[in-house]
$ cat structure22.cif   # mmCIF, C-alpha atoms and all ligand atoms
data_query
loop_
_atom_site.label_atom_id
_atom_site.label_comp_id
_atom_site.auth_asym_id
_atom_site.auth_seq_id
_atom_site.Cartn_x
_atom_site.Cartn_y
_atom_site.Cartn_z
CA MET S 2 -43.42 68.79 26.10
CA LYS S 3 -39.98 68.10 24.67
CA PHE S 4 -37.03 67.78 27.03
CA PHE S 5 -33.67 69.18 25.95
CA ILE S 6 -30.56 69.14 28.13
CA ASP S 7 -28.65 72.40 28.44
CA THR S 8 -25.02 71.32 28.58
CA ALA S 9 -21.96 70.49 26.50
CA ASN S 10 -20.92 67.75 28.95
CA LEU S 11 -20.94 64.46 27.04
CA ALA S 12 -21.31 62.28 30.16
CA GLU S 13 -24.41 64.22 31.27
CA ILE S 14 -25.86 64.10 27.76
CA ARG S 15 -25.33 60.32 27.69
CA GLU S 16 -26.91 59.91 31.13
CA ALA S 17 -30.02 61.91 30.16
CA ASN S 18 -30.24 60.09 26.84
CA ASP S 19 -30.02 56.72 28.59
CA MET S 20 -33.04 57.71 30.72
CA GLY S 21 -35.01 57.55 27.46
CA ILE S 22 -36.64 60.96 27.85
CA LEU S 23 -34.21 63.20 25.99
CA ASP S 24 -35.40 64.96 22.83
CA GLY S 25 -32.47 67.28 22.12
CA VAL S 26 -29.56 69.37 23.38
CA THR S 27 -28.81 73.08 23.69
CA THR S 28 -25.33 74.48 24.11
CA ASN S 29 -23.91 77.98 24.20
CA PRO S 30 -20.36 79.40 24.10
CA SER S 31 -20.20 79.54 27.92
CA LEU S 32 -21.20 75.88 28.24
CA MET S 33 -18.58 74.89 25.64
CA ALA S 34 -15.90 76.89 27.48
CA LYS S 35 -16.94 75.29 30.78
CA GLU S 36 -16.08 71.88 29.28
CA GLY S 37 -12.73 73.24 28.07
CA ILE S 38 -13.72 72.97 24.39
CA THR S 39 -11.84 75.72 22.57
CA GLY S 40 -10.65 76.32 18.99
CA ALA S 41 -12.90 76.15 15.92
CA ASN S 42 -12.10 72.54 14.98
CA ASN S 43 -12.57 71.17 18.51
CA ILE S 44 -15.84 73.01 18.85
CA LEU S 45 -17.19 71.66 15.53
CA ASN S 46 -16.00 68.16 16.43
CA HIS S 47 -17.74 68.42 19.80
CA TYR S 48 -21.06 69.24 18.12
CA VAL S 49 -20.70 66.13 15.97
CA GLN S 50 -20.04 64.02 19.08
CA ILE S 51 -23.22 65.39 20.69
CA CYS S 52 -25.20 64.66 17.52
CA ASN S 53 -23.89 61.09 17.59
CA ILE S 54 -25.31 60.58 21.10
CA VAL S 55 -28.76 62.18 20.79
CA ASP S 56 -31.23 61.70 17.97
CA GLY S 57 -32.84 65.15 18.07
CA PRO S 58 -32.18 68.87 17.56
CA VAL S 59 -28.77 70.09 18.78
CA SER S 60 -28.41 73.87 19.06
CA ALA S 61 -25.00 75.19 18.00
CA GLU S 62 -24.45 78.92 18.49
CA VAL S 63 -22.81 81.34 16.06
CA ILE S 64 -20.16 83.69 17.42
CA ALA S 65 -20.38 86.35 14.70
CA THR S 66 -22.67 89.31 15.35
CA ASP S 67 -22.88 90.62 11.77
CA TYR S 68 -25.29 89.21 9.19
CA GLU S 69 -22.68 87.88 6.75
CA GLY S 70 -20.66 86.30 9.56
CA MET S 71 -23.71 84.64 11.08
CA VAL S 72 -24.75 83.26 7.69
CA ARG S 73 -21.22 81.94 7.03
CA GLU S 74 -20.90 80.30 10.45
CA GLY S 75 -24.47 79.01 10.47
CA GLU S 76 -24.07 77.34 7.08
CA ALA S 77 -20.88 75.62 8.26
CA LEU S 78 -22.63 74.44 11.44
CA ALA S 79 -25.66 73.17 9.51
CA GLU S 80 -23.39 71.08 7.29
CA LEU S 81 -22.02 69.19 10.29
CA HIS S 82 -25.14 67.06 10.86
CA PRO S 83 -28.82 67.12 9.84
CA ASN S 84 -29.85 67.59 13.50
CA ILE S 85 -27.93 70.84 13.98
CA VAL S 86 -30.07 73.89 14.79
CA VAL S 87 -28.28 77.20 14.22
CA LYS S 88 -28.51 79.27 17.40
CA ILE S 89 -28.63 83.00 16.69
CA PRO S 90 -28.74 85.90 19.16
CA MET S 91 -31.73 88.27 19.24
CA ILE S 92 -30.16 91.30 17.59
CA THR S 93 -31.31 93.02 14.41
CA GLU S 94 -28.59 91.35 12.33
CA GLY S 95 -29.70 88.07 13.89
CA ILE S 96 -33.28 88.59 12.76
CA LYS S 97 -32.04 88.99 9.18
CA ALA S 98 -29.98 85.82 9.52
CA ILE S 99 -32.98 83.89 10.91
CA LYS S 100 -35.03 84.99 7.89
CA TYR S 101 -32.24 83.84 5.57
CA PHE S 102 -32.00 80.40 7.21
CA SER S 103 -35.76 80.05 7.37
CA GLN S 104 -35.96 80.60 3.59
CA LYS S 105 -33.26 77.97 3.10
CA GLY S 106 -35.07 75.47 5.34
CA ILE S 107 -32.28 75.46 7.95
CA PRO S 108 -33.66 75.30 11.51
CA THR S 109 -32.81 78.12 13.94
CA ASN S 110 -33.03 78.83 17.64
CA CYS S 111 -33.23 82.52 18.48
CA THR S 112 -31.46 82.92 21.81
CA LEU S 113 -31.29 85.57 24.53
CA ILE S 114 -35.01 86.35 24.42
CA PHE S 115 -36.10 88.53 27.33
CA SER S 116 -39.28 90.20 26.03
CA ALA S 117 -42.49 89.42 24.15
CA GLY S 118 -41.52 91.89 21.42
CA GLN S 119 -38.32 89.98 20.74
CA ALA S 120 -40.28 86.72 20.61
CA LEU S 121 -42.74 88.26 18.13
CA LEU S 122 -39.96 89.46 15.83
CA ALA S 123 -38.17 86.11 15.88
CA ALA S 124 -41.40 84.30 15.01
CA LYS S 125 -42.11 86.69 12.14
CA ALA S 126 -38.61 86.03 10.80
CA GLY S 127 -39.39 82.30 10.83
CA ALA S 128 -37.36 81.02 13.81
CA THR S 129 -37.89 77.32 14.49
CA PHE S 130 -37.37 77.83 18.25
CA ILE S 131 -37.08 80.88 20.49
CA SER S 132 -35.29 80.68 23.85
CA PRO S 133 -36.74 82.93 26.56
CA PHE S 134 -34.28 82.90 29.50
CA LEU S 135 -36.58 82.22 32.43
CA GLY S 136 -34.01 81.87 35.22
CA ARG S 137 -32.03 84.96 34.25
CA LEU S 138 -35.23 87.04 34.41
CA ASP S 139 -36.06 85.59 37.83
CA ASP S 140 -32.48 86.44 38.88
CA VAL S 141 -33.24 90.15 38.34
CA SER S 142 -36.61 90.05 40.12
CA THR S 143 -38.67 89.85 36.93
CA ASP S 144 -41.25 87.10 36.50
CA GLY S 145 -39.84 84.80 33.82
CA LEU S 146 -42.94 82.59 33.79
CA SER S 147 -45.19 85.56 32.92
CA LEU S 148 -43.06 86.09 29.83
CA ILE S 149 -43.49 82.45 28.77
CA GLN S 150 -47.27 82.83 29.26
CA GLN S 151 -47.37 86.07 27.26
CA ILE S 152 -45.43 84.54 24.37
CA ARG S 153 -47.73 81.46 24.41
CA THR S 154 -50.76 83.75 24.07
CA ILE S 155 -49.22 85.77 21.23
CA TYR S 156 -48.10 82.69 19.28
CA ASP S 157 -51.52 81.05 19.72
CA ASN S 158 -53.32 84.26 18.64
CA TYR S 159 -51.59 84.14 15.27
CA ASP S 160 -50.82 80.42 14.89
CA PHE S 161 -47.07 80.99 14.75
CA GLY S 162 -45.31 77.67 14.26
CA THR S 163 -42.23 78.84 16.19
CA GLU S 164 -41.68 76.63 19.23
CA ILE S 165 -41.24 78.15 22.68
CA LEU S 166 -38.09 76.63 24.15
CA ALA S 167 -38.09 77.64 27.81
CA ALA S 168 -34.41 78.13 28.67
CA SER S 169 -32.29 79.06 31.67
CA ILE S 170 -34.27 76.58 33.74
CA ARG S 171 -32.98 76.42 37.30
CA HIS S 172 -35.13 73.83 39.12
CA PRO S 173 -37.92 71.26 38.67
CA MET S 174 -40.74 73.72 39.47
CA HIS S 175 -39.67 75.81 36.47
CA ILE S 176 -40.22 72.73 34.30
CA ILE S 177 -43.63 71.98 35.82
CA HIS S 178 -44.82 75.59 35.48
CA CYS S 179 -43.60 75.73 31.86
CA ALA S 180 -45.47 72.49 31.12
CA SER S 181 -48.65 73.96 32.65
CA ILE S 182 -48.32 77.09 30.52
CA GLY S 183 -47.75 75.02 27.40
CA ALA S 184 -44.13 75.76 26.50
CA ASP S 185 -43.27 73.41 23.63
CA VAL S 186 -39.81 72.55 24.91
CA MET S 187 -37.77 73.07 28.02
CA THR S 188 -33.99 72.99 28.23
CA GLY S 189 -32.41 72.53 31.61
CA PRO S 190 -29.55 71.01 33.55
CA LEU S 191 -29.47 67.28 34.31
CA SER S 192 -30.01 68.08 38.02
CA ALA S 193 -33.41 69.72 37.33
CA ILE S 194 -34.50 66.84 35.08
CA LYS S 195 -33.52 64.19 37.63
CA ALA S 196 -35.14 66.17 40.46
CA LEU S 197 -38.53 65.64 38.76
CA ALA S 198 -38.30 61.96 39.72
CA LYS S 199 -37.73 62.61 43.42
CA HIS S 200 -40.39 62.50 46.13
CA PRO S 201 -39.77 61.58 49.79
CA LEU S 202 -43.02 59.57 49.94
CA THR S 203 -41.81 57.50 46.98
CA ASP S 204 -38.59 56.70 48.84
CA ILE S 205 -40.40 55.88 52.10
CA GLY S 206 -43.02 53.81 50.28
CA LEU S 207 -40.43 51.81 48.39
CA GLN S 208 -38.43 51.18 51.54
CA GLN S 209 -41.58 49.86 53.21
CA PHE S 210 -42.51 47.61 50.28
CA LEU S 211 -39.02 46.09 50.21
CA ALA S 212 -38.97 45.61 54.00
CA ASP S 213 -42.41 43.90 53.96
CA HIS S 214 -41.36 41.69 51.07
CA ALA S 215 -38.19 40.69 52.96
CA LYS S 216 -40.25 39.85 56.11
CA GLY S 217 -42.68 37.67 54.16
CA ASN S 218 -39.89 35.83 52.36
CA LYS S 219 -37.74 34.91 55.38
C1 LIG N 1 -30.23 78.43 26.43
O1 LIG N 1 -30.21 77.85 25.39
C2 LIG N 1 -29.05 78.74 27.25
O2 LIG N 1 -28.03 77.84 26.89
C3 LIG N 1 -29.26 78.52 28.71
O3 LIG N 1 -30.51 77.95 29.01
C4 LIG N 1 -28.84 79.64 29.58
O4 LIG N 1 -29.02 79.24 30.92
P1 LIG N 1 -28.30 79.95 32.14
O5 LIG N 1 -29.04 81.20 32.47
O6 LIG N 1 -28.40 78.93 33.25
O7 LIG N 1 -26.88 80.21 31.73
#
$ encode --input "structure22.cif" --output "structure tokens"
Amino acid sequence: MKFFIDTANLAEIREANDMGILDGVTTNPSLMAKEGITGANNILNHYVQICNIVDGPVSAEVIATDYEGMVREGEALAELHPNIVVKIPMITEGIKAIKYFSQKGIPTNCTLIFSAGQALLAAKAGATFISPFLGRLDDVSTDGLSLIQQIRTIYDNYDFGTEILAASIRHPMHIIHCASIGADVMTGPLSAIKALAKHPLTDIGLQQFLADHAKGNK
């Protein structure tokens, strides 16, 4: 399972990358705004900075919602760095844009996926990744993990090469469940990634080992 970090915060991206387990980055317009990155040039420059930290796919989202606009923006984003993945919303114009980029060999991430039908359409259009928003479904009392499972079954039935990028991850159990289901990638906050390492028995055990070592070496 690939691990992406879902942030535009450079310090967090560096920290996750330094752990040696980071395979890529996802961003979205809200995450960019949260870091105070505004204005077309600053936004493009920020993507390049992220690409210079992580050697893996970096999703950069288009703002346009019409086909021509998405194609124009996506081509500009793809020119920034070979690792850029053009992130496109699941709308009908977006499906056309995904098909266009797929034919040009430019990788895409179809975002805002909330149903199996949307995932099927994106795969047929040739999306490289699709992002089902697990946490946001859970937030409205709908089982996000069932959706991931359903998409896994559909993609396996027809050998779709599109990768399931489980997004909107909220906590470590989301990551573990997605790994059990067989999601290809997960993207989550640094807190959820770091939480995977924590276990109280590990802390107690380590404390004991160090105390016993200290006793024996007095
Ligand atoms: C996916 O690529 C999105 O950036 C993200 O996972 C959305 O997560 P949220 O629901 O925590 O905003």
$ residues_around --input "structure22.cif" --residues "stretch 34-43 of chain S" --least-positions-apart "4" --cutoff "12 Å" --atoms "all atoms listed in the file" --output "MDAnalysis selection string"
chainID S and resid 8:13 28:30 47:50 63:64 74 77:78 81
$ residues_near_ligand --input "structure22.cif" --ligand "ligand LIG 1 (chain N)" --cutoff "9 Å" --atoms "all atoms listed in the file" --output "ChimeraX atom specification"
/S:6-8,26-32,60,88,110-113,131-138,140,166-171,187-190
$ residues_near_point --input "structure22.cif" --point "(-42.0, 78.0, 23.2)" --cutoff "7 Å" --atoms "only C-alpha atoms" --output "PyMOL selection string"
chain S and resi 130-131+153+164-167+184-186
$ residues_around --input "structure22.cif" --residues "S:Asn18" --least-positions-apart "3" --cutoff "10 Å" --atoms "all atoms listed in the file" --output "list of chain:residue names"
S:Phe5, S:Ile6, S:Ala12, S:Glu13, S:Ile14, S:Arg15, S:Gly21, S:Ile22, S:Leu23, S:Asp24, S:Gly25, S:Val26, S:Ile54, S:Val55, S:Asp56
$ atom_distance --input "structure22.cif" --atom1 "atom CA of S:Tyr101" --atom2 "atom CA of S:Ile149"
25.8 Å
$ closest_residue --input "structure22.cif" --among "S:Ile176, S:Leu121, S:Leu148, S:Val141" --to "S:Asp160" --atoms "only C-alpha atoms"
S:Leu121
$ closest_residue --input "structure22.cif" --among "S:Gly127, S:Pro58, S:Gly217, S:Pro173" --to "S:Lys97" --atoms "only C-alpha atoms"
S:Gly127
$ atom_distance --input "structure22.cif" --atom1 "atom CA of S:Glu16" --atom2 "atom CA of S:Leu45"
21.8 Å
$ atom_distance --input "structure22.cif" --atom1 "atom CA of S:Asp67" --atom2 "atom CA of S:Lys100"
13.9 Å
$ closest_residue --input "structure22.cif" --among "S:His200, S:Lys219, S:Lys105, S:His82" --to "S:Asn46" --atoms "all atoms listed in the file"
S:His82
$ closest_residue --input "structure22.cif" --among "S:Val87, S:His178, S:Gly145, S:Glu69" --to "S:Pro108" --atoms "all atoms listed in the file"
S:Val87
$ residues_around --input "structure22.cif" --residues "S:Thr163" --least-positions-apart "2" --cutoff "6 Å" --atoms "only C-alpha atoms" --output "mmCIF file with C-alpha atoms, in the coordinates of the input"
data_model
loop_
_atom_site.group_PDB
_atom_site.id
_atom_site.type_symbol
_atom_site.label_atom_id
_atom_site.label_comp_id
_atom_site.auth_asym_id
_atom_site.auth_seq_id
_atom_site.Cartn_x
_atom_site.Cartn_y
_atom_site.Cartn_z
ATOM 1 C CA ALA S 124 -41.400 84.300 15.010
ATOM 2 C CA ALA S 128 -37.360 81.020 13.810
ATOM 3 C CA THR S 129 -37.890 77.320 14.490
ATOM 4 C CA PHE S 130 -37.370 77.830 18.250
ATOM 5 C CA PHE S 161 -47.070 80.990 14.750
#
$ closest_residue --input "structure22.cif" --among "S:Ile96, S:Gly70, S:Gln151, S:Gln104" --to "S:Ser116" --atoms "all atoms listed in the file"
S:Gln151
$ residues_around --input "structure22.cif" --residues "S:Tyr68" --least-positions-apart "6" --cutoff "7 Å" --atoms "all atoms listed in the file" --output "PyMOL selection string"
chain S and resi 94-95+97-98
